[in-house]
>>> print(open('model-v5.tsv').read())   # TSV, C-alpha atoms and all ligand atoms
chain	number	residue	atom	x	y	z
A	1018	MET	CA	0.00	0.00	0.00
A	1019	ASN	CA	1.21	3.46	-0.85
A	1020	ILE	CA	1.42	5.67	2.23
A	1021	THR	CA	1.95	9.43	2.24
A	1022	LEU	CA	2.14	10.93	5.70
A	1023	THR	CA	1.09	14.47	6.50
A	1024	LYS	CA	3.75	17.05	7.30
A	1025	ASN	CA	1.26	19.15	9.21
A	1026	SER	CA	-0.62	17.17	11.83
A	1027	ARG	CA	-3.69	19.06	13.07
A	1028	ILE	CA	-3.97	17.08	16.29
A	1029	SER	CA	-2.52	19.75	18.58
A	1030	ASN	CA	-5.36	22.13	17.60
A	1031	VAL	CA	-8.06	19.70	18.71
A	1032	ASP	CA	-9.85	20.02	22.04
A	1033	PHE	CA	-10.62	16.36	22.69
A	1034	SER	CA	-12.72	17.19	25.73
A	1035	ASN	CA	-15.13	19.22	23.66
A	1036	LEU	CA	-16.06	17.45	20.46
A	1037	GLN	CA	-19.17	17.80	18.39
A	1038	PHE	CA	-19.94	14.63	16.47
A	1039	GLY	CA	-18.43	14.45	13.00
A	1040	GLN	CA	-16.86	17.90	12.71
A	1041	ILE	CA	-13.13	17.21	12.87
A	1042	PHE	CA	-11.26	14.56	10.92
A	1043	SER	CA	-8.04	12.76	11.73
A	1044	ASP	CA	-4.83	13.43	9.79
A	1045	HIS	CA	-5.13	10.68	7.19
A	1046	MET	CA	-7.60	8.90	4.95
A	1047	PHE	CA	-7.63	5.63	3.06
A	1048	VAL	CA	-8.54	5.62	-0.65
A	1049	CYS	CA	-9.00	2.82	-3.17
A	1050	ASP	CA	-10.38	2.98	-6.72
A	1051	TYR	CA	-12.60	0.70	-8.73
A	1052	PHE	CA	-11.86	0.75	-12.41
A	1053	ASP	CA	-11.93	-1.82	-15.23
A	1054	GLY	CA	-13.67	-4.38	-13.04
A	1055	GLU	CA	-11.30	-4.33	-10.07
A	1056	TRP	CA	-10.47	-2.55	-6.86
A	1057	SER	CA	-6.88	-1.30	-6.83
A	1058	ASN	CA	-4.49	1.50	-5.95
A	1059	GLU	CA	-4.92	1.29	-2.20
A	1060	ARG	CA	-3.31	4.27	-0.57
A	1061	ILE	CA	-3.22	6.37	2.57
A	1062	LEU	CA	-3.02	10.11	2.09
A	1063	PRO	CA	-3.18	13.18	4.29
A	1064	TYR	CA	-6.85	13.97	4.87
A	1065	SER	CA	-7.85	16.55	2.28
A	1066	ASP	CA	-10.45	17.53	-0.29
A	1067	ILE	CA	-10.61	15.24	-3.30
A	1068	LYS	CA	-11.11	15.97	-6.95
A	1069	VAL	CA	-14.37	14.55	-8.31
A	1070	SER	CA	-16.14	15.36	-11.57
A	1071	PRO	CA	-19.44	17.27	-11.23
A	1072	SER	CA	-21.00	14.62	-13.46
A	1073	SER	CA	-20.12	11.77	-11.08
A	1074	ARG	CA	-23.21	9.65	-10.66
A	1075	VAL	CA	-23.14	9.95	-6.89
A	1076	PHE	CA	-24.23	13.60	-7.17
A	1077	HIS	CA	-27.11	12.81	-9.50
A	1078	TYR	CA	-28.39	9.40	-8.48
A	1079	GLY	CA	-27.03	8.97	-4.98
A	1080	GLN	CA	-25.19	5.72	-5.68
A	1081	ALA	CA	-23.33	5.57	-2.38
A	1082	ILE	CA	-23.30	3.57	0.83
A	1083	PHE	CA	-21.41	3.82	4.13
A	1084	GLU	CA	-20.66	2.15	7.43
A	1085	GLY	CA	-20.02	3.42	10.93
A	1086	MET	CA	-17.73	1.79	13.44
A	1087	LYS	CA	-15.68	2.90	16.44
A	1088	ALA	CA	-12.06	2.32	17.45
A	1089	TYR	CA	-11.29	2.25	21.18
A	1090	LYS	CA	-8.04	2.39	23.15
A	1091	ASP	CA	-7.66	0.27	26.25
A	1092	ASP	CA	-5.63	1.21	29.34
A	1093	LYS	CA	-2.50	-0.31	27.76
A	1094	ASP	CA	-2.81	1.76	24.57
A	1095	VAL	CA	-3.99	-1.19	22.51
A	1096	ILE	CA	-6.52	-0.29	19.81
A	1097	TRP	CA	-9.69	-2.31	19.36
A	1098	LEU	CA	-12.52	-2.36	16.90
A	1099	PHE	CA	-15.89	-3.78	17.85
A	1100	ARG	CA	-17.17	-6.52	15.52
A	1101	PRO	CA	-15.74	-5.02	12.31
A	1102	ASP	CA	-16.48	-8.30	10.51
A	1103	GLU	CA	-20.17	-7.40	10.90
A	1104	ASN	CA	-19.58	-3.95	9.41
A	1105	PHE	CA	-17.70	-5.54	6.56
A	1106	LYS	CA	-20.53	-7.96	5.84
A	1107	ARG	CA	-23.13	-5.21	5.96
A	1108	PHE	CA	-20.96	-2.95	3.77
A	1109	ASN	CA	-21.16	-5.50	1.01
A	1110	ILE	CA	-24.84	-6.24	1.61
A	1111	SER	CA	-25.50	-2.51	1.16
A	1112	SER	CA	-23.20	-2.35	-1.88
A	1113	LYS	CA	-24.97	-5.22	-3.55
A	1114	ARG	CA	-28.38	-3.55	-3.13
A	1115	LEU	CA	-27.04	-0.37	-4.73
A	1116	ALA	CA	-25.33	-2.27	-7.59
A	1117	ILE	CA	-21.91	-1.25	-6.28
A	1118	PRO	CA	-19.09	-3.80	-6.70
A	1119	GLU	CA	-18.30	-5.53	-3.41
A	1120	ILE	CA	-15.06	-4.71	-1.60
A	1121	PRO	CA	-12.62	-7.58	-1.02
A	1122	GLU	CA	-12.18	-8.37	2.68
A	1123	LYS	CA	-8.41	-7.89	2.49
A	1124	ILE	CA	-8.70	-4.34	1.16
A	1125	PHE	CA	-11.28	-3.39	3.78
A	1126	PHE	CA	-9.23	-4.73	6.70
A	1127	ASN	CA	-5.81	-3.59	5.42
A	1128	GLY	CA	-7.21	-0.11	4.99
A	1129	LEU	CA	-8.65	-0.10	8.51
A	1130	ASN	CA	-5.55	-1.51	10.16
A	1131	GLU	CA	-3.05	0.78	8.47
A	1132	LEU	CA	-5.15	3.91	8.89
A	1133	LEU	CA	-5.80	3.26	12.58
A	1134	LYS	CA	-2.14	2.55	13.26
A	1135	ILE	CA	-1.11	5.80	11.58
A	1136	ASP	CA	-3.80	7.89	13.30
A	1137	ARG	CA	-3.55	6.07	16.64
A	1138	ASP	CA	-2.92	9.27	18.61
A	1139	TRP	CA	-6.39	10.44	17.60
A	1140	ILE	CA	-7.89	7.68	19.77
A	1141	LYS	CA	-8.05	8.79	23.37
A	1142	LYS	CA	-8.20	6.45	26.32
A	1143	GLY	CA	-11.16	6.27	28.69
A	1144	VAL	CA	-14.75	5.14	28.39
A	1145	GLY	CA	-16.68	7.62	26.27
A	1146	ASN	CA	-13.75	8.39	23.99
A	1147	SER	CA	-13.45	6.78	20.59
A	1148	LEU	CA	-12.49	7.36	17.00
A	1149	TYR	CA	-15.56	7.02	14.80
A	1150	VAL	CA	-14.51	5.30	11.59
A	1151	ARG	CA	-16.50	5.97	8.43
A	1152	PRO	CA	-15.87	3.65	5.47
A	1153	PHE	CA	-17.87	4.67	2.41
A	1154	VAL	CA	-18.07	4.06	-1.29
A	1155	PHE	CA	-19.48	6.23	-4.04
A	1156	ALA	CA	-19.95	6.20	-7.80
A	1157	SER	CA	-17.23	8.46	-9.16
A	1158	GLU	CA	-17.57	7.80	-12.86
A	1159	PRO	CA	-18.18	11.04	-14.76
A	1160	SER	CA	-21.47	10.28	-16.49
A	1161	ILE	CA	-25.10	11.11	-15.86
A	1162	ASN	CA	-26.36	8.02	-17.60
A	1163	ALA	CA	-28.94	6.68	-15.13
A	1164	THR	CA	-27.37	3.27	-14.69
A	1165	GLU	CA	-24.85	1.89	-12.26
A	1166	ALA	CA	-21.35	3.34	-12.61
A	1167	ASN	CA	-18.19	1.69	-13.87
A	1168	ALA	CA	-15.90	3.58	-11.50
A	1169	TYR	CA	-16.07	4.02	-7.73
A	1170	LYS	CA	-14.02	5.24	-4.83
A	1171	PHE	CA	-13.84	3.44	-1.52
A	1172	MET	CA	-12.57	5.64	1.30
A	1173	ILE	CA	-12.18	5.53	5.06
A	1174	ILE	CA	-12.13	8.69	7.13
A	1175	CYS	CA	-12.11	9.03	10.91
A	1176	THR	CA	-13.52	11.56	13.36
A	1177	PRO	CA	-12.78	11.62	17.10
A	1178	ALA	CA	-16.02	11.17	19.03
A	1179	LYS	CA	-17.47	11.54	22.46
A	1180	SER	CA	-21.23	11.21	22.81
A	1181	TYR	CA	-23.53	11.83	19.86
A	1182	TYR	CA	-25.95	13.83	22.04
A	1183	GLU	CA	-24.25	15.81	24.78
A	1184	ASN	CA	-26.30	15.93	28.02
A	1185	GLN	CA	-29.59	16.43	26.25
A	1186	GLU	CA	-33.04	15.13	26.97
A	1187	ILE	CA	-33.99	12.92	24.06
A	1188	TRP	CA	-37.54	13.03	22.77
A	1189	VAL	CA	-38.69	11.12	19.72
A	1190	LYS	CA	-41.75	11.71	17.58
A	1191	ILE	CA	-43.83	8.85	16.22
A	1192	GLU	CA	-44.11	9.65	12.51
A	1193	GLU	CA	-47.31	8.84	10.67
A	1194	LYS	CA	-47.07	10.84	7.48
A	1195	PHE	CA	-43.60	10.26	6.08
A	1196	SER	CA	-41.90	6.89	5.69
A	1197	ARG	CA	-38.24	5.98	6.00
A	1198	ALA	CA	-38.45	2.69	4.14
A	1199	ALA	CA	-40.87	0.32	2.50
A	1200	LYS	CA	-41.03	-3.38	1.76
A	1201	GLY	CA	-38.66	-4.22	-1.08
A	1202	GLY	CA	-36.82	-0.93	-0.68
A	1203	VAL	CA	-33.37	-0.11	0.66
A	1204	GLY	CA	-34.19	0.38	4.35
A	1205	TYR	CA	-31.94	-2.50	5.42
A	1206	ALA	CA	-28.94	-1.01	3.59
A	1207	LYS	CA	-26.79	1.85	4.77
A	1208	ALA	CA	-27.59	3.72	1.60
A	1209	SER	CA	-26.63	7.38	1.91
A	1210	GLY	CA	-29.97	8.44	0.45
A	1211	ASN	CA	-31.84	6.76	3.31
A	1212	TYR	CA	-30.39	9.38	5.60
A	1213	ALA	CA	-30.97	12.35	3.29
A	1214	ALA	CA	-34.63	11.38	2.97
A	1215	GLN	CA	-35.01	11.61	6.73
A	1216	PHE	CA	-33.72	15.15	7.05
A	1217	TYR	CA	-36.92	16.94	6.07
A	1218	PRO	CA	-39.33	15.04	8.37
A	1219	THR	CA	-36.70	15.23	11.13
A	1220	GLN	CA	-36.40	18.98	10.59
A	1221	ILE	CA	-40.16	19.27	11.18
A	1222	ALA	CA	-39.88	17.08	14.30
A	1223	LYS	CA	-36.97	19.17	15.58
A	1224	ASN	CA	-39.04	22.32	15.20
A	1225	GLU	CA	-41.62	20.63	17.40
A	1226	GLY	CA	-38.99	19.92	20.07
A	1227	PHE	CA	-37.93	16.36	19.22
A	1228	GLN	CA	-34.43	15.09	18.47
A	1229	GLN	CA	-35.40	12.17	16.26
A	1230	ILE	CA	-38.28	10.33	14.68
A	1231	ILE	CA	-39.65	6.89	15.42
A	1232	TRP	CA	-40.41	5.52	11.98
A	1233	THR	CA	-43.47	3.34	11.57
A	1234	ASP	CA	-44.29	0.86	8.79
A	1235	SER	CA	-45.12	2.53	5.51
A	1236	ASN	CA	-48.42	0.62	5.03
A	1237	ASN	CA	-50.37	1.41	8.18
A	1238	HIS	CA	-47.98	3.59	10.23
A	1239	ASN	CA	-48.79	1.35	13.10
A	1240	ARG	CA	-45.80	-0.91	13.70
A	1241	VAL	CA	-42.76	0.75	15.20
A	1242	GLU	CA	-39.61	0.32	13.09
A	1243	GLU	CA	-36.44	2.27	14.00
A	1244	ALA	CA	-35.24	5.80	14.61
A	1245	GLY	CA	-32.93	6.28	11.64
A	1246	THR	CA	-29.68	6.69	13.52
A	1247	MET	CA	-30.59	3.98	16.01
A	1248	ASN	CA	-32.65	0.83	16.59
A	1249	LEU	CA	-35.16	0.98	19.43
A	1250	PHE	CA	-35.82	-1.06	22.56
A	1251	PHE	CA	-38.87	-0.75	24.80
A	1252	LYS	CA	-39.02	-2.13	28.31
A	1253	ILE	CA	-42.56	-3.16	29.22
A	1254	ASN	CA	-42.81	-4.58	32.73
A	1255	ASP	CA	-39.58	-6.59	32.91
A	1256	THR	CA	-39.30	-7.48	29.22
A	1257	LEU	CA	-37.28	-5.75	26.55
A	1258	ILE	CA	-38.96	-5.63	23.15
A	1259	THR	CA	-37.33	-4.70	19.87
A	1260	SER	CA	-38.73	-4.92	16.36
A	1261	PRO	CA	-37.41	-7.80	14.27
A	1262	THR	CA	-35.13	-6.72	11.45
A	1263	SER	CA	-36.66	-6.77	7.99
A	1264	ASP	CA	-36.02	-5.22	4.62
A	1265	SER	CA	-37.13	-1.89	6.07
A	1266	ILE	CA	-35.10	-1.98	9.30
A	1267	LEU	CA	-31.33	-1.76	9.60
A	1268	ASP	CA	-29.70	-4.86	11.06
A	1269	GLY	CA	-27.89	-2.86	13.73
A	1270	ILE	CA	-24.68	-4.34	15.11
A	1271	THR	CA	-25.17	-2.64	18.48
A	1272	ARG	CA	-28.78	-3.88	18.40
A	1273	LYS	CA	-27.80	-7.52	17.90
A	1274	SER	CA	-25.00	-7.23	20.49
A	1275	ILE	CA	-27.40	-5.79	23.07
A	1276	ILE	CA	-29.80	-8.67	22.43
A	1277	GLU	CA	-27.02	-11.19	23.08
A	1278	ILE	CA	-25.73	-9.36	26.15
A	1279	ALA	CA	-29.29	-9.15	27.56
A	1280	LYS	CA	-29.76	-12.88	26.99
A	1281	SER	CA	-26.48	-13.61	28.76
A	1282	LEU	CA	-27.77	-11.61	31.74
A	1283	LYS	CA	-31.06	-13.55	31.67
A	1284	ILE	CA	-33.02	-10.41	30.87
A	1285	ASN	CA	-36.29	-11.25	29.09
A	1286	ILE	CA	-36.04	-10.10	25.54
A	1287	GLU	CA	-38.45	-10.41	22.65
A	1288	GLU	CA	-37.83	-9.64	19.00
A	1289	ARG	CA	-41.33	-9.02	17.78
A	1290	ASP	CA	-43.57	-6.40	16.25
A	1291	ILE	CA	-44.63	-3.64	18.59
A	1292	THR	CA	-47.48	-1.34	17.71
A	1293	VAL	CA	-48.11	2.25	18.64
A	1294	GLU	CA	-51.30	1.18	20.45
A	1295	GLU	CA	-49.32	-1.23	22.61
A	1296	LEU	CA	-46.90	1.53	23.52
A	1297	ILE	CA	-49.64	3.99	24.40
A	1298	SER	CA	-51.53	1.45	26.47
A	1299	ALA	CA	-48.33	0.34	28.25
A	1300	HIS	CA	-47.66	3.99	29.03
A	1301	LYS	CA	-51.20	4.43	30.34
A	1302	SER	CA	-50.97	1.42	32.64
A	1303	GLY	CA	-47.52	2.42	33.90
A	1304	SER	CA	-45.87	-0.70	32.49
A	1305	LEU	CA	-43.71	1.16	29.92
A	1306	LYS	CA	-40.56	1.51	31.99
A	1307	GLU	CA	-37.90	2.47	29.47
A	1308	ILE	CA	-37.18	3.32	25.88
A	1309	PHE	CA	-33.66	3.38	24.54
A	1310	GLY	CA	-31.90	3.50	21.23
A	1311	THR	CA	-28.83	1.59	20.10
A	1312	GLY	CA	-26.37	2.40	17.33
A	1313	THR	CA	-22.68	2.83	16.71
A	1314	ALA	CA	-22.78	6.60	17.03
A	1315	VAL	CA	-25.20	6.76	19.98
A	1316	THR	CA	-24.12	3.44	21.61
A	1317	VAL	CA	-26.98	2.99	24.11
A	1318	LEU	CA	-29.11	6.09	24.47
A	1319	PRO	CA	-31.93	6.43	27.02
A	1320	ILE	CA	-34.98	8.23	25.63
A	1321	ASN	CA	-36.94	10.55	27.86
A	1322	GLY	CA	-40.24	10.35	26.06
A	1323	PHE	CA	-42.14	10.25	22.81
A	1324	GLY	CA	-44.69	12.32	20.99
A	1325	TYR	CA	-47.76	11.01	19.20
A	1326	ARG	CA	-50.52	12.99	17.49
A	1327	GLY	CA	-49.69	16.14	19.41
A	1328	ASN	CA	-49.48	14.42	22.82
A	1329	ARG	CA	-46.32	13.87	24.80
A	1330	PHE	CA	-45.63	10.73	26.78
A	1331	SER	CA	-42.81	10.97	29.23
A	1332	ILE	CA	-41.02	7.92	30.56
A	1333	ILE	CA	-40.69	8.10	34.31
A	1334	SER	CA	-39.41	5.20	36.32
A	1335	ASN	CA	-37.60	5.01	39.62
A	1336	GLU	CA	-36.16	1.61	38.84
A	1337	GLU	CA	-32.53	1.16	37.94
A	1338	LYS	CA	-32.26	1.46	34.17
A	1339	THR	CA	-31.65	-1.73	32.21
A	1340	SER	CA	-30.09	0.44	29.50
A	1341	ASP	CA	-27.44	1.63	31.99
A	1342	LEU	CA	-26.52	-1.93	32.86
A	1343	LEU	CA	-26.39	-2.96	29.19
A	1344	LYS	CA	-24.31	0.06	28.27
A	1345	ILE	CA	-21.72	-0.73	30.95
A	1346	LYS	CA	-21.49	-4.33	29.77
A	1347	LEU	CA	-21.17	-3.20	26.16
A	1348	ASN	CA	-18.51	-0.60	26.99
A	1349	ASN	CA	-16.50	-3.19	28.90
A	1350	ILE	CA	-16.39	-5.33	25.77
A	1351	GLN	CA	-15.65	-2.41	23.45
A	1352	TYR	CA	-12.76	-1.14	25.57
A	1353	ALA	CA	-11.51	-4.71	26.07
A	1354	ARG	CA	-11.96	-4.52	29.84
A	1355	THR	CA	-13.46	-7.99	29.96
A	1356	LYS	CA	-12.97	-11.37	28.39
A	1357	ASP	CA	-16.76	-11.76	27.97
A	1358	PHE	CA	-17.68	-11.85	24.31
A	1359	SER	CA	-13.98	-11.51	23.48
A	1360	HIS	CA	-14.69	-12.87	19.98
A	1361	TRP	CA	-16.25	-9.45	19.28
A	1362	GLN	CA	-12.99	-7.67	20.05
A	1363	TYR	CA	-10.73	-7.07	17.05
A	1364	LYS	CA	-7.20	-5.95	17.87
A	1365	ILE	CA	-5.38	-3.55	15.56
A	1366	THR	CA	-1.87	-4.89	15.06
B	1401	LIG	C1	-24.02	5.06	13.11
B	1401	LIG	O1	-24.43	4.91	14.26
B	1401	LIG	O2	-22.90	4.70	12.76
B	1401	LIG	C2	-24.88	5.64	12.11
B	1401	LIG	O3	-24.91	5.19	11.01
B	1401	LIG	C3	-25.60	6.85	12.45
B	1401	LIG	C4	-24.97	7.99	11.72
B	1401	LIG	C5	-25.83	8.38	10.58
B	1401	LIG	C6	-24.63	9.10	12.62
>>> encode(input="model-v5.tsv", output="structure tokens")
Amino acid sequence: MNITLTKNSRISNVDFSNLQFGQIFSDHMFVCDYFDGEWSNERILPYSDIKVSPSSRVFHYGQAIFEGMKAYKDDKDVIWLFRPDENFKRFNISSKRLAIPEIPEKIFFNGLNELLKIDRDWIKKGVGNSLYVRPFVFASEPSINATEANAYKFMIICTPAKSYYENQEIWVKIEEKFSRAAKGGVGYAKASGNYAAQFYPTQIAKNEGFQQIIWTDSNNHNRVEEAGTMNLFFKINDTLITSPTSDSILDGITRKSIIEIAKSLKINIEERDITVEELISAHKSGSLKEIFGTGTAVTVLPINGFGYRGNRFSIISNEEKTSDLLKIKLNNIQYARTKDFSHWQYKIT
């Protein structure tokens, strides 16, 4: 791999104790090109703007997908990724759906390993600190023919991260007009356009005082799906409930890890449909104890309440939060502080 190191590291200008998600990028980036039917020219360069033709299909047809993962440093300065094999698998599942050529495993992992070794100082120790890693691929071929491209770029960039929401109350609005995804669509893929399509309804929800939307099924707007940047869990009495994944719900890696951790702790957990009526009636009877979201960026995020048809339903419980317990267990695995689930820990060497 060709490696060009920066002569002007920006790290000394960064206030690592005060980071807004996704604003500052580490010193280097990984780039690889697809051309003539193969991925080649793997290289690491100083992070910088890139030259792309204005006719590249990505700008016109949105042929692009991405992943999100986090690198952690343990107390001995060893760097760990959490289940990157799952991100790799999903990267290619998303690519396939968008007619993007799949990335060979070796290129994906070599890129990650080399980049994280070079930018290792950007990963700070301590629970809560991480380097968010963003692999992505886009159609770079200069053509506005509305078909899949013949040339692509695969890149990895990294942004130091603390929490996605800093000390905020989180309220989510149950959406009944707009849809995130439909049967047979691309909801299960991390297609860039899935996120763009959420901005407008989310903007409306934000103006009403919510941080995110709870998406419901596009047919009846009755079954709860996900929140766009996170999967959702509801605790009713002593049982956690999360919607089963489908072609309209992202198969979240944090989601599936939380399910396994909960099972290992003998917490009742059900993967099944949950309707808005069930939520409202559980709230009414006092049995809705918790709502939380899971995702790479948010990790495990307690939700303070939800809005539905102009009414607000706040979650109040004096019990110890199951989400707190699950988050601690998850963090211990991510920061390699435990041998539990050690097969999920991937060491950067
Ligand atoms: C992630 O958690 O990695 C996501 O994909 C959410 C992102 C859009 C902030």
>>> closest_residue(input="model-v5.tsv", among="A:Ser1065, A:Gln1037, A:Ser1235, A:Asn1335", to="ligand LIG 1401 (chain B)", atoms="all atoms listed in the file")
A:Gln1037
>>> closest_residue(input="model-v5.tsv", among="A:Asp1050, A:Glu1158, A:Glu1131, A:Asp1136", to="Phe1076 in chain A", atoms="only C-alpha atoms")
A:Glu1158
>>> atom_distance(input="model-v5.tsv", atom1="CA of Asn1030 in chain A", atom2="CA of Leu1098 in chain A")
25.5 Å
>>> closest_residue(input="model-v5.tsv", among="A:Asn1109, A:Ser1340, A:Thr1311, A:Ser1334", to="ligand LIG 1401 (chain B)", atoms="all atoms listed in the file")
A:Thr1311
>>> atom_distance(input="model-v5.tsv", atom1="CA of Ser1263 in chain A", atom2="CA of Gln1362 in chain A")
26.6 Å
>>> axis_aligned_box(input="model-v5.tsv", around="range 1258-1273 of chain A", padding_each_side="8 Å", output="lines of an AutoDock Vina configuration file")
center_x = -31.8
center_y = -4.8
center_z = 13.9
size_x = 30.3
size_y = 22.0
size_z = 34.5
>>> residues_around(input="model-v5.tsv", residues="Ser1026 in chain A", least_positions_apart="3", cutoff="8 Å", atoms="all atoms listed in the file", output="number ranges by chain")
A: 1023, 1029, 1044
>>> residues_around(input="model-v5.tsv", residues="Ile1278 in chain A", least_positions_apart="5", cutoff="12 Å", atoms="only C-alpha atoms", output="MDAnalysis selection string")
chainID A and resid 1271:1273 1283:1286 1339:1340 1342:1350 1357:1358 1361
>>> write_last_selection(input="model-v5.tsv", atoms="C-alpha atoms", output="CSV table (one decimal), in the coordinates of the input")
chain,number,residue,atom,x,y,z
A,1271,THR,CA,-25.2,-2.6,18.5
A,1272,ARG,CA,-28.8,-3.9,18.4
A,1273,LYS,CA,-27.8,-7.5,17.9
A,1283,LYS,CA,-31.1,-13.6,31.7
A,1284,ILE,CA,-33.0,-10.4,30.9
A,1285,ASN,CA,-36.3,-11.2,29.1
A,1286,ILE,CA,-36.0,-10.1,25.5
A,1339,THR,CA,-31.6,-1.7,32.2
A,1340,SER,CA,-30.1,0.4,29.5
A,1342,LEU,CA,-26.5,-1.9,32.9
A,1343,LEU,CA,-26.4,-3.0,29.2
A,1344,LYS,CA,-24.3,0.1,28.3
A,1345,ILE,CA,-21.7,-0.7,31.0
A,1346,LYS,CA,-21.5,-4.3,29.8
A,1347,LEU,CA,-21.2,-3.2,26.2
A,1348,ASN,CA,-18.5,-0.6,27.0
A,1349,ASN,CA,-16.5,-3.2,28.9
A,1350,ILE,CA,-16.4,-5.3,25.8
A,1357,ASP,CA,-16.8,-11.8,28.0
A,1358,PHE,CA,-17.7,-11.8,24.3
A,1361,TRP,CA,-16.2,-9.4,19.3
>>> residues_near_ligand(input="model-v5.tsv", ligand="ligand LIG 1401 (chain B)", cutoff="8 Å", atoms="only C-alpha atoms and all ligand atoms", output="compact mmCIF listing (two decimals) with C-alpha atoms, keeping the file's coordinate frame")
# COMPACT_ATOMS: atom_id res chain seq x y z
CA PHE A 1083 -21.41 3.82 4.13
CA GLU A 1084 -20.66 2.15 7.43
CA GLY A 1085 -20.02 3.42 10.93
CA MET A 1086 -17.73 1.79 13.44
CA TYR A 1149 -15.56 7.02 14.80
CA ARG A 1151 -16.50 5.97 8.43
CA TYR A 1181 -23.53 11.83 19.86
CA LYS A 1207 -26.79 1.85 4.77
CA TYR A 1212 -30.39 9.38 5.60
CA GLY A 1245 -32.93 6.28 11.64
CA THR A 1246 -29.68 6.69 13.52
CA MET A 1247 -30.59 3.98 16.01
CA GLY A 1312 -26.37 2.40 17.33
CA THR A 1313 -22.68 2.83 16.71
CA ALA A 1314 -22.78 6.60 17.03
CA VAL A 1315 -25.20 6.76 19.98
CA THR A 1316 -24.12 3.44 21.61
>>> atom_distance(input="model-v5.tsv", atom1="CA of Lys1280 in chain A", atom2="CA of Asp1092 in chain A")
28.0 Å
>>> residues_around(input="model-v5.tsv", residues="Phe1042 in chain A", least_positions_apart="3", cutoff="8 Å", atoms="all atoms listed in the file", output="count of residues only")
6
>>> closest_residue(input="model-v5.tsv", among="A:Lys1142, A:Lys1170, A:Lys1087, A:Arg1100", to="Ile1067 in chain A", atoms="only C-alpha atoms")
A:Lys1170
>>> closest_residue(input="model-v5.tsv", among="A:Asn1019, A:Gln1080, A:Ser1073, A:Thr1292", to="Ile1061 in chain A", atoms="all atoms listed in the file")
A:Asn1019
>>> closest_residue(input="model-v5.tsv", among="A:Asp1290, A:Glu1192, A:Asp1138, A:Glu1225", to="Val1031 in chain A", atoms="all atoms listed in the file")
A:Asp1138
